[in-house]
Amino acid sequence: MRATLRWAHSDLRTHRGEALFLVLATAGIVASLLLATALFGYATNPWQRVFAQARGAHVWLHTDRAADTGKLAALDGVQSVAGPYPTASATVAVRGTRASVELRGTAEEPEVGRPLLTAGHWLDADDPDGVVLESRLARALLAQPGDTLALPGTPRTLTVLGIADSPERRYRPGEQPGLVWAPPDAVPDPGGQVIGLRLTDPGETDYAVQRAVTVLGAGAIGQVSTWEQARAEAQGDNRLLGQVLGLFGLGALLAAGLAVHGAIGTRIRGHLRDISVLKAIGFTPGQVVRVFLLQHLAYALLGAVTAAGLTQALGSRVPGRLGDALGVWQGLPGHTVALFAVPACVVLFIGATTGLAAWRAGRVPPVPVPRPAAAQGGGLSGAARGVLGLRVFRVPVRVRGRGVRGAGEPGVRTVTVAGTPTPAEPGTLGHHRDTDLSGIDGSDDPRAGETNARTPTAPDTPTPAEPGTPGRRDTDLSGIDGSDDPRAGESDVPSPAEPGNVGSGGTGTGRCGASGAREPEVRVPPALVLGWHKAFARRPRSFAAVARLTLPLLLIVVAMSAWTTIDRFHDRPEQIGLPTALTVRAEAGSGTAGTRALLERDPGVAAAYPGVEVAALVPGQTATIALRGLGTREDPYPYTLAEGRRAHGPDEAVAGQGLLDLLEVGVGDWVRMTVGDRPQILHIVGRSIEPENAGRVISTSLDTLRENDPRLEPALYQLRLHPGADPDEVADRLADAGRGRLDVHAVANPADGLSPLRPVVLGLIAVLALVGLIELLTAIGGTVRESERDLLALKAIGLSPRQITGITVTATGCTALAAVLLAAALGLPLAHWLIDAQGASSGIGAGIAQAPSPGLLMLVGAAAVLGAAALAAVPAARAARRRLADTLGAVA
């Protein structure tokens with residue numbers, strides 16, 4: 001055990017940085033998964049708790065006043081009912097903030113759908129103007145018990161007595177009115193009534209709605225809402241945040257496991273001799289495996305415990321929605337189990353990947369097996385040899401100056417290129433390279449590197465064999481390509497001592513001109529070619545390193561795409577189905593022409609589109625959707641289309657993805673719906689991006705709806721503003737100009753609820769960067785250790801320490817570049833698919849994904865490649881300047 005601990009301590013001292021990064025990456029992964037668990041619990045459990053405590057109704061039906069709702073209690077599957085309660089639509093205002101509300105006359109506190117008071121008290125019979133506000137509406141109005149609410153256009157006021165939670169659909173400005181419980185006397189002129197049904201089997205909700213509509217009649221139904229819609233709205237953005245954190249947390253965990261596996265494998269290859277020594281002194285294979293396993297389990301356990309402790313300690317102190325989610329999650333029953341289970345699973349996963357790699361260490365024989373003489377990746381390819389300037393034959397080179405003159409060819413000497421085989425000389429066994437490496441050390445002797453060669457004779461003239469070298473001849477290869485020019489085929493190949501040889505990597509000597517002067521020729525530095533060869537020579541190992549580095553980079557590309565998509569929602573809302581910035585609702589009898597003229601007179605308004613929105617029963621009468629008529633044929637509403645075309649002709653419409661999924665139809669189909677007792681048949685000619693009402697919206701022009709019901713008058717106006725206009729200032733001016741007759745709201749942007757996603761994305765990118773850094777350090781360490789075995793050969797052929805360092809830096813940069821290119825090629829389509837899939841599941845629809853700009857991708861890619869090269873420079877330079885004794889020890 002003492003020897004094991006000493007080995008682990010020595011390894012930790014050698015790899016302190018890698019151990020630190022592994023601990024930090026594990027902590028980030030565990031924190032991401034714990035936050036995802038908290039957000040999932042926060043998204044689901046609070047609403048479920050309120051629904052259970054309030055004995056919430058599974059179905060709410062808004063009907064006209066004449067509907068006989070008493071029959072619904074006798075339906076099979078209906079456990080109990082709430083109401084009916086008289087309702088009226090109104091607008092309330094406090095401190096300059098206005099909101100559309102539904103006044104619900106409630107004499108006593110209901111048993112089904114009971115509001116859960118969070119502040120104040122319930123309605124008081126002695127206070128006929130006292131009301132209780134739903135909690136989300138109260139937060140929007142910044143109202144507290146004791147505040148007075150004004151009813152614009154009337155002298156009446158209401159007093160807030162209490163605030164309560166409700167499991168019904170939440171308040172959304174301009175889309176879903178808020179809920180206000182009031183005494184029946186406070187609703188003097190109800191426009192309808194509402195009744196709630198609590199079912200014995202929530203799974204039969206659609207069937208219960210269908211039977212209720214059949215009993216009451218389709219013309220009596222105004223709107224249907226179910227518990228499933230309320231739950232989906234309550235979960236909303238929190239569930240999306242949980243999905244993002246969970247997805248990236250699992251991806252980072254996989255990347256960290258692969259990085260640990262690669263790090264241990266590389267370390268084992270670099271310590272084969274040490275492992276053999278351990279086995280020679282008595283270590284069993286199991287003990288060797290336990291050394292690596294326990295060491296990395298300790299790192300993972302330290303990171304997991306740190307993350308779990310910080311998450312538990314900070315809790316609700318974390319700012320924003322994450323803090324709220326942690327505070328609620330810590331009070332849930334399954335909190336303790338998740339707090340231990342998530343870190344344990346992460347540690348076990350890292351332990352499993354560690355064990356697979358450490359198992360190879362246990363199989364190392366006590367006596368090291370000699371390495372094969374040839375590299376596993378093979379030698380240089382023909383293309384690489386050509387780039388380096390290597391040749392496989394001897395060629396004459398014209399030079400100006402001294403040389404051995406031959407008959408008819410003054411000033412010509414023949415040099416033998418490095419790596420060119422020549423026949424064996426007398427007294428030698430086999431063949432050897434006839435390469436003169438004199439001067440390779442950089443001496444100033446002008447004759448350094450020259451070889452003694454015979455002067456070539458005329459073409460096709462054989463030379464007599466010299467004594468002791470039968471059959472040997474020198475052939476002039478000029479004109480080898482078939483041309484008649486005696487200089488054709490001449491090649492400027494430098495000798496090892498001349499500039500441009502393998503050891504210099506500079507400019508070659510060039511081709512000789514007619515006057516014998518040299519023409520310069522640029523050669524690729526050998527460090528680039530040899531570095532490329534080192535990066536991809538051993539294909540299985542090289543591809544594995546690229547794949548491990550690609551995974552965190554790929555997830556970073558996906559995270560960047562999520563960031564740019566959120567920016568698209570904020571900066572270019574017209575591209576994601578929000579071409580207008582304000583919604584204006586006018587009181588009945590205000591006059592269509594006068595209201596539209598008032599709106600368009602404002603200097604910030606570019607266009608005002610009149611419209612109407614009604615609830616329509618879908619075929620089968622199981623749910624209601626939003627039927628909108630916006631704009632006219634002369635001035636159409638600018639829908640954002642993802643498929644098909646705009647609705648121009650009669651009975652043409654565009655629909656959101658949520659409606660297409662609900663009705664199981666597509667673009668080109670005809671759909672039938674019921675508005676009151678009037679059927680409406682529309683032809684879907686396009687799919688629009690609809691961020692409202694979960695995409696359950698079908699839109700056409702106001703003219704089309706008027707053709708079916710001429711009594712329809714515009715009830716709302718969608719305002720498109722001039723670029724640079726401030727929506728808040730325009731809303732204030734319009735509210736003042738309307739003198740209480742206009743209810744102006746900003747159009748809700750889905751990205752407003754995704755603001756907490758930005759710091760989450762930044763944190764995930766930091767975690768993934770740590771994982772990538774671990775893999776990069778592993779790749780650098782493996783490349784440097786492999787370079788030590790080639791150091792003597794590289795120095796023998798004349799490479800300087802700077803050039804040897806360049807080989808390692810180039811190999812690391814090539815690996816990083818390949819990973820960057822692969823991550824971009826795979827990450828962009830994956831991000832597009834994931835974001836569009838999330839948009840389709842939420843009802844908004846596909847077509848909202850926005851890829852990062854090419855400039856940003858190039859900047860991140862360049863930073864990754866240059867950072868990898870910079871990290872490799874220091875250890876590579878240190879290894880290139882090692883002493884000869886150390887190098888011999890590494891090779892041994």
# chains A, B, ... in the order shown; residues from 1 in each chain; ligands from 1
call {"tool": "residues_around", "arguments": {"residues": "Pro650 (chain A)", "least_positions_apart": "4", "cutoff": "9 Å", "atoms": "only C-alpha atoms", "output": "PDB file with all heavy atoms, in the first residue's frame"}}
result
ATOM      1  N   LEU A 682     -61.770  26.178 -43.742  1.00  0.00           N
ATOM      2  CA  LEU A 682     -60.620  26.922 -44.245  1.00  0.00           C
ATOM      3  C   LEU A 682     -59.626  25.969 -44.890  1.00  0.00           C
ATOM      4  O   LEU A 682     -59.509  24.799 -44.509  1.00  0.00           O
ATOM      5  CB  LEU A 682     -59.926  27.686 -43.112  1.00  0.00           C
ATOM      6  CG  LEU A 682     -60.745  28.798 -42.439  1.00  0.00           C
ATOM      7  CD1 LEU A 682     -59.987  29.356 -41.244  1.00  0.00           C
ATOM      8  CD2 LEU A 682     -61.081  29.902 -43.428  1.00  0.00           C
ATOM      9  N   HIS A 683     -58.909  26.509 -45.877  1.00  0.00           N
ATOM     10  CA  HIS A 683     -57.874  25.764 -46.607  1.00  0.00           C
ATOM     11  C   HIS A 683     -56.510  26.237 -46.108  1.00  0.00           C
ATOM     12  O   HIS A 683     -56.143  27.406 -46.270  1.00  0.00           O
ATOM     13  CB  HIS A 683     -58.010  26.027 -48.110  1.00  0.00           C
ATOM     14  CG  HIS A 683     -57.016  25.273 -48.934  1.00  0.00           C
ATOM     15  ND1 HIS A 683     -56.533  25.747 -50.145  1.00  0.00           N
ATOM     16  CD2 HIS A 683     -56.403  24.080 -48.726  1.00  0.00           C
ATOM     17  CE1 HIS A 683     -55.674  24.879 -50.642  1.00  0.00           C
ATOM     18  NE2 HIS A 683     -55.582  23.861 -49.796  1.00  0.00           N
ATOM     19  N   SER A 701     -57.438  36.318 -43.049  1.00  0.00           N
ATOM     20  CA  SER A 701     -57.686  37.758 -43.079  1.00  0.00           C
ATOM     21  C   SER A 701     -59.031  38.072 -42.442  1.00  0.00           C
ATOM     22  O   SER A 701     -59.926  37.217 -42.341  1.00  0.00           O
ATOM     23  CB  SER A 701     -57.651  38.273 -44.520  1.00  0.00           C
ATOM     24  OG  SER A 701     -58.720  37.723 -45.259  1.00  0.00           O
ATOM     25  N   ASP A 703     -61.242  39.900 -43.703  1.00  0.00           N
ATOM     26  CA  ASP A 703     -62.260  39.840 -44.759  1.00  0.00           C
ATOM     27  C   ASP A 703     -62.841  38.437 -44.882  1.00  0.00           C
ATOM     28  O   ASP A 703     -64.050  38.273 -45.107  1.00  0.00           O
ATOM     29  CB  ASP A 703     -61.642  40.271 -46.100  1.00  0.00           C
ATOM     30  CG  ASP A 703     -61.188  41.719 -46.068  1.00  0.00           C
ATOM     31  OD1 ASP A 703     -61.718  42.477 -45.245  1.00  0.00           O
ATOM     32  OD2 ASP A 703     -60.277  42.071 -46.842  1.00  0.00           O
ATOM     33  N   THR A 704     -61.995  37.408 -44.734  1.00  0.00           N
ATOM     34  CA  THR A 704     -62.484  36.036 -44.843  1.00  0.00           C
ATOM     35  C   THR A 704     -63.475  35.715 -43.738  1.00  0.00           C
ATOM     36  O   THR A 704     -64.517  35.078 -43.981  1.00  0.00           O
ATOM     37  CB  THR A 704     -61.306  35.062 -44.809  1.00  0.00           C
ATOM     38  OG1 THR A 704     -60.437  35.326 -45.919  1.00  0.00           O
ATOM     39  CG2 THR A 704     -61.779  33.625 -44.877  1.00  0.00           C
ATOM     40  N   GLU A 707     -66.865  37.365 -44.343  1.00  0.00           N
ATOM     41  CA  GLU A 707     -67.704  36.733 -45.354  1.00  0.00           C
ATOM     42  C   GLU A 707     -68.621  35.686 -44.743  1.00  0.00           C
ATOM     43  O   GLU A 707     -69.745  35.468 -45.219  1.00  0.00           O
ATOM     44  CB  GLU A 707     -66.821  36.100 -46.426  1.00  0.00           C
ATOM     45  CG  GLU A 707     -66.081  37.107 -47.297  1.00  0.00           C
ATOM     46  CD  GLU A 707     -65.094  36.442 -48.237  1.00  0.00           C
ATOM     47  OE1 GLU A 707     -64.951  35.192 -48.139  1.00  0.00           O
ATOM     48  OE2 GLU A 707     -64.446  37.138 -49.039  1.00  0.00           O
TER      49      GLU A 707
END
call {"tool": "select_by_dssp", "arguments": {"residues": "region 62-279 of chain A", "states": "helix (DSSP H, G or I)", "output": "NGL selection string"}}
result
:A and (69-74 or 135-141 or 184-186 or 202-216 or 218-220 or 227-270 or 272-279)
call {"tool": "residues_around", "arguments": {"residues": "region 91-97 of chain A", "least_positions_apart": "4", "cutoff": "8 Å", "atoms": "only C-alpha atoms", "output": "PyMOL selection string"}}
result
chain A and resi 101+141+143+148-152+743
call {"tool": "residues_around", "arguments": {"residues": "Leu137 (chain A)", "least_positions_apart": "4", "cutoff": "7 Å", "atoms": "only C-alpha atoms", "output": "PDB file with all heavy atoms, in the first residue's frame"}}
result
ATOM      1  N   LEU A 133     -57.024  38.286  -6.106  1.00  0.00           N
ATOM      2  CA  LEU A 133     -56.304  38.201  -7.375  1.00  0.00           C
ATOM      3  C   LEU A 133     -55.506  36.901  -7.451  1.00  0.00           C
ATOM      4  O   LEU A 133     -54.972  36.425  -6.442  1.00  0.00           O
ATOM      5  CB  LEU A 133     -55.341  39.378  -7.546  1.00  0.00           C
ATOM      6  CG  LEU A 133     -55.914  40.798  -7.462  1.00  0.00           C
ATOM      7  CD1 LEU A 133     -54.809  41.810  -7.725  1.00  0.00           C
ATOM      8  CD2 LEU A 133     -57.046  40.982  -8.440  1.00  0.00           C
ATOM      9  N   LEU A 141     -49.317  43.210 -11.894  1.00  0.00           N
ATOM     10  CA  LEU A 141     -49.825  44.531 -11.503  1.00  0.00           C
ATOM     11  C   LEU A 141     -49.058  45.134 -10.338  1.00  0.00           C
ATOM     12  O   LEU A 141     -49.315  46.294  -9.965  1.00  0.00           O
ATOM     13  CB  LEU A 141     -51.304  44.428 -11.128  1.00  0.00           C
ATOM     14  CG  LEU A 141     -52.275  44.055 -12.255  1.00  0.00           C
ATOM     15  CD1 LEU A 141     -53.677  43.854 -11.690  1.00  0.00           C
ATOM     16  CD2 LEU A 141     -52.298  45.136 -13.324  1.00  0.00           C
ATOM     17  N   TYR A 171     -51.979  33.817 -16.183  1.00  0.00           N
ATOM     18  CA  TYR A 171     -52.175  35.093 -16.880  1.00  0.00           C
ATOM     19  C   TYR A 171     -51.008  35.372 -17.812  1.00  0.00           C
ATOM     20  O   TYR A 171     -49.838  35.235 -17.443  1.00  0.00           O
ATOM     21  CB  TYR A 171     -52.305  36.225 -15.855  1.00  0.00           C
ATOM     22  CG  TYR A 171     -52.186  37.606 -16.447  1.00  0.00           C
ATOM     23  CD1 TYR A 171     -53.194  38.126 -17.250  1.00  0.00           C
ATOM     24  CD2 TYR A 171     -51.062  38.393 -16.204  1.00  0.00           C
ATOM     25  CE1 TYR A 171     -53.089  39.399 -17.790  1.00  0.00           C
ATOM     26  CE2 TYR A 171     -50.944  39.660 -16.740  1.00  0.00           C
ATOM     27  CZ  TYR A 171     -51.966  40.159 -17.542  1.00  0.00           C
ATOM     28  OH  TYR A 171     -51.856  41.422 -18.085  1.00  0.00           O
ATOM     29  N   GLY A 178     -56.261  37.546 -16.790  1.00  0.00           N
ATOM     30  CA  GLY A 178     -56.033  37.134 -15.417  1.00  0.00           C
ATOM     31  C   GLY A 178     -57.344  36.815 -14.708  1.00  0.00           C
ATOM     32  O   GLY A 178     -58.431  37.211 -15.142  1.00  0.00           O
TER      33      GLY A 178
END
call {"tool": "closest_atom_pairs", "arguments": {"of": "region 23-139 of chain A", "to": "region 599-618 of chain A", "cutoff": "12 Å", "atoms": "only C-alpha atoms", "output": "JSON lines"}}
result
{"residue": "A:Leu61", "atom": "CA", "partner": "A:Leu617", "partner_atom": "CA", "distance": 11.8}
{"residue": "A:His62", "atom": "CA", "partner": "A:Ala615", "partner_atom": "CA", "distance": 10.3}
{"residue": "A:Thr63", "atom": "CA", "partner": "A:Ala615", "partner_atom": "CA", "distance": 11.5}
call {"tool": "residues_around", "arguments": {"residues": "Pro202 (chain A)", "least_positions_apart": "5", "cutoff": "12 Å", "atoms": "only C-alpha atoms", "output": "list in words"}}
result
Gly56, Ala57, His58, Val59, Gly77, Val78, Gln79, Leu197, Tyr207, Ala208, Val209, Thr226, Trp227 and Glu228 of chain A
call {"tool": "write_last_selection", "arguments": {"atoms": "N, CA and C atoms", "output": "PDB file, in the first residue's frame"}}
result
ATOM      1  N   GLY A  56     -58.107  20.587  -8.025  1.00  0.00           N
ATOM      2  CA  GLY A  56     -58.361  21.311  -9.261  1.00  0.00           C
ATOM      3  C   GLY A  56     -59.270  20.576 -10.215  1.00  0.00           C
ATOM      4  N   ALA A  57     -59.971  21.321 -11.030  1.00  0.00           N
ATOM      5  CA  ALA A  57     -60.841  20.750 -12.060  1.00  0.00           C
ATOM      6  C   ALA A  57     -60.005  20.384 -13.272  1.00  0.00           C
ATOM      7  N   HIS A  58     -60.349  19.274 -13.899  1.00  0.00           N
ATOM      8  CA  HIS A  58     -59.620  18.823 -15.078  1.00  0.00           C
ATOM      9  C   HIS A  58     -60.089  19.536 -16.344  1.00  0.00           C
ATOM     10  N   VAL A  59     -61.300  20.039 -16.347  1.00  0.00           N
ATOM     11  CA  VAL A  59     -61.866  20.720 -17.513  1.00  0.00           C
ATOM     12  C   VAL A  59     -62.608  21.959 -17.034  1.00  0.00           C
ATOM     13  N   GLY A  77     -68.159   9.539 -15.366  1.00  0.00           N
ATOM     14  CA  GLY A  77     -66.769   9.949 -15.272  1.00  0.00           C
ATOM     15  C   GLY A  77     -66.564  11.284 -14.597  1.00  0.00           C
ATOM     16  N   VAL A  78     -67.627  12.040 -14.324  1.00  0.00           N
ATOM     17  CA  VAL A  78     -67.523  13.329 -13.643  1.00  0.00           C
ATOM     18  C   VAL A  78     -67.670  13.090 -12.149  1.00  0.00           C
ATOM     19  N   GLN A  79     -66.629  13.381 -11.409  1.00  0.00           N
ATOM     20  CA  GLN A  79     -66.641  13.151  -9.965  1.00  0.00           C
ATOM     21  C   GLN A  79     -67.363  14.266  -9.222  1.00  0.00           C
ATOM     22  N   LEU A 197     -65.104  20.774 -14.207  1.00  0.00           N
ATOM     23  CA  LEU A 197     -65.407  19.349 -14.051  1.00  0.00           C
ATOM     24  C   LEU A 197     -64.166  18.641 -13.513  1.00  0.00           C
ATOM     25  N   TYR A 207     -62.501  12.768 -24.005  1.00  0.00           N
ATOM     26  CA  TYR A 207     -63.817  12.150 -24.122  1.00  0.00           C
ATOM     27  C   TYR A 207     -64.843  12.908 -23.281  1.00  0.00           C
ATOM     28  N   ALA A 208     -64.427  13.373 -22.086  1.00  0.00           N
ATOM     29  CA  ALA A 208     -65.338  14.136 -21.236  1.00  0.00           C
ATOM     30  C   ALA A 208     -65.713  15.462 -21.895  1.00  0.00           C
ATOM     31  N   VAL A 209     -64.767  16.115 -22.522  1.00  0.00           N
ATOM     32  CA  VAL A 209     -65.071  17.372 -23.219  1.00  0.00           C
ATOM     33  C   VAL A 209     -66.050  17.113 -24.357  1.00  0.00           C
ATOM     34  N   THR A 226     -58.148  22.739 -20.431  1.00  0.00           N
ATOM     35  CA  THR A 226     -57.933  21.494 -19.710  1.00  0.00           C
ATOM     36  C   THR A 226     -56.742  21.614 -18.775  1.00  0.00           C
ATOM     37  N   TRP A 227     -56.624  20.656 -17.882  1.00  0.00           N
ATOM     38  CA  TRP A 227     -55.520  20.625 -16.930  1.00  0.00           C
ATOM     39  C   TRP A 227     -54.182  20.398 -17.623  1.00  0.00           C
ATOM     40  N   GLU A 228     -54.198  19.723 -18.767  1.00  0.00           N
ATOM     41  CA  GLU A 228     -52.950  19.488 -19.490  1.00  0.00           C
ATOM     42  C   GLU A 228     -52.391  20.801 -20.039  1.00  0.00           C
TER      43      GLU A 228
END
call {"tool": "closest_residue", "arguments": {"among": "A:Leu578, A:Ala212, A:Val187, A:Ala280", "to": "Ser89 (chain A)", "atoms": "only C-alpha atoms"}}
result
A:Val187
call {"tool": "residues_around", "arguments": {"residues": "Leu310 (chain A)", "least_positions_apart": "5", "cutoff": "9 Å", "atoms": "only C-alpha atoms", "output": "PyMOL selection string"}}
result
chain A and resi 31+305+315
call {"tool": "write_last_selection", "arguments": {"atoms": "N, CA, C and O atoms", "output": "PDB file, in the first residue's frame"}}
result
ATOM      1  N   ALA A  31     -22.779  19.813 -11.116  1.00  0.00           N
ATOM      2  CA  ALA A  31     -23.621  20.991 -10.873  1.00  0.00           C
ATOM      3  C   ALA A  31     -24.668  21.157 -11.970  1.00  0.00           C
ATOM      4  O   ALA A  31     -25.830  21.479 -11.686  1.00  0.00           O
ATOM      5  N   VAL A 305     -18.340  15.862  -4.833  1.00  0.00           N
ATOM      6  CA  VAL A 305     -18.696  16.326  -3.487  1.00  0.00           C
ATOM      7  C   VAL A 305     -18.669  17.854  -3.423  1.00  0.00           C
ATOM      8  O   VAL A 305     -19.532  18.485  -2.785  1.00  0.00           O
ATOM      9  N   GLY A 315     -28.197  27.082  -2.621  1.00  0.00           N
ATOM     10  CA  GLY A 315     -29.653  26.960  -2.675  1.00  0.00           C
ATOM     11  C   GLY A 315     -30.328  28.184  -3.254  1.00  0.00           C
ATOM     12  O   GLY A 315     -30.006  28.658  -4.357  1.00  0.00           O
TER      13      GLY A 315
END
call {"tool": "atom_distance", "arguments": {"atom1": "CA of Leu530 (chain A)", "atom2": "CA of Gly867 (chain A)"}}
result
20.5 Å
call {"tool": "atom_distance", "arguments": {"atom1": "CA of Leu762 (chain A)", "atom2": "CA of Pro829 (chain A)"}}
result
21.0 Å
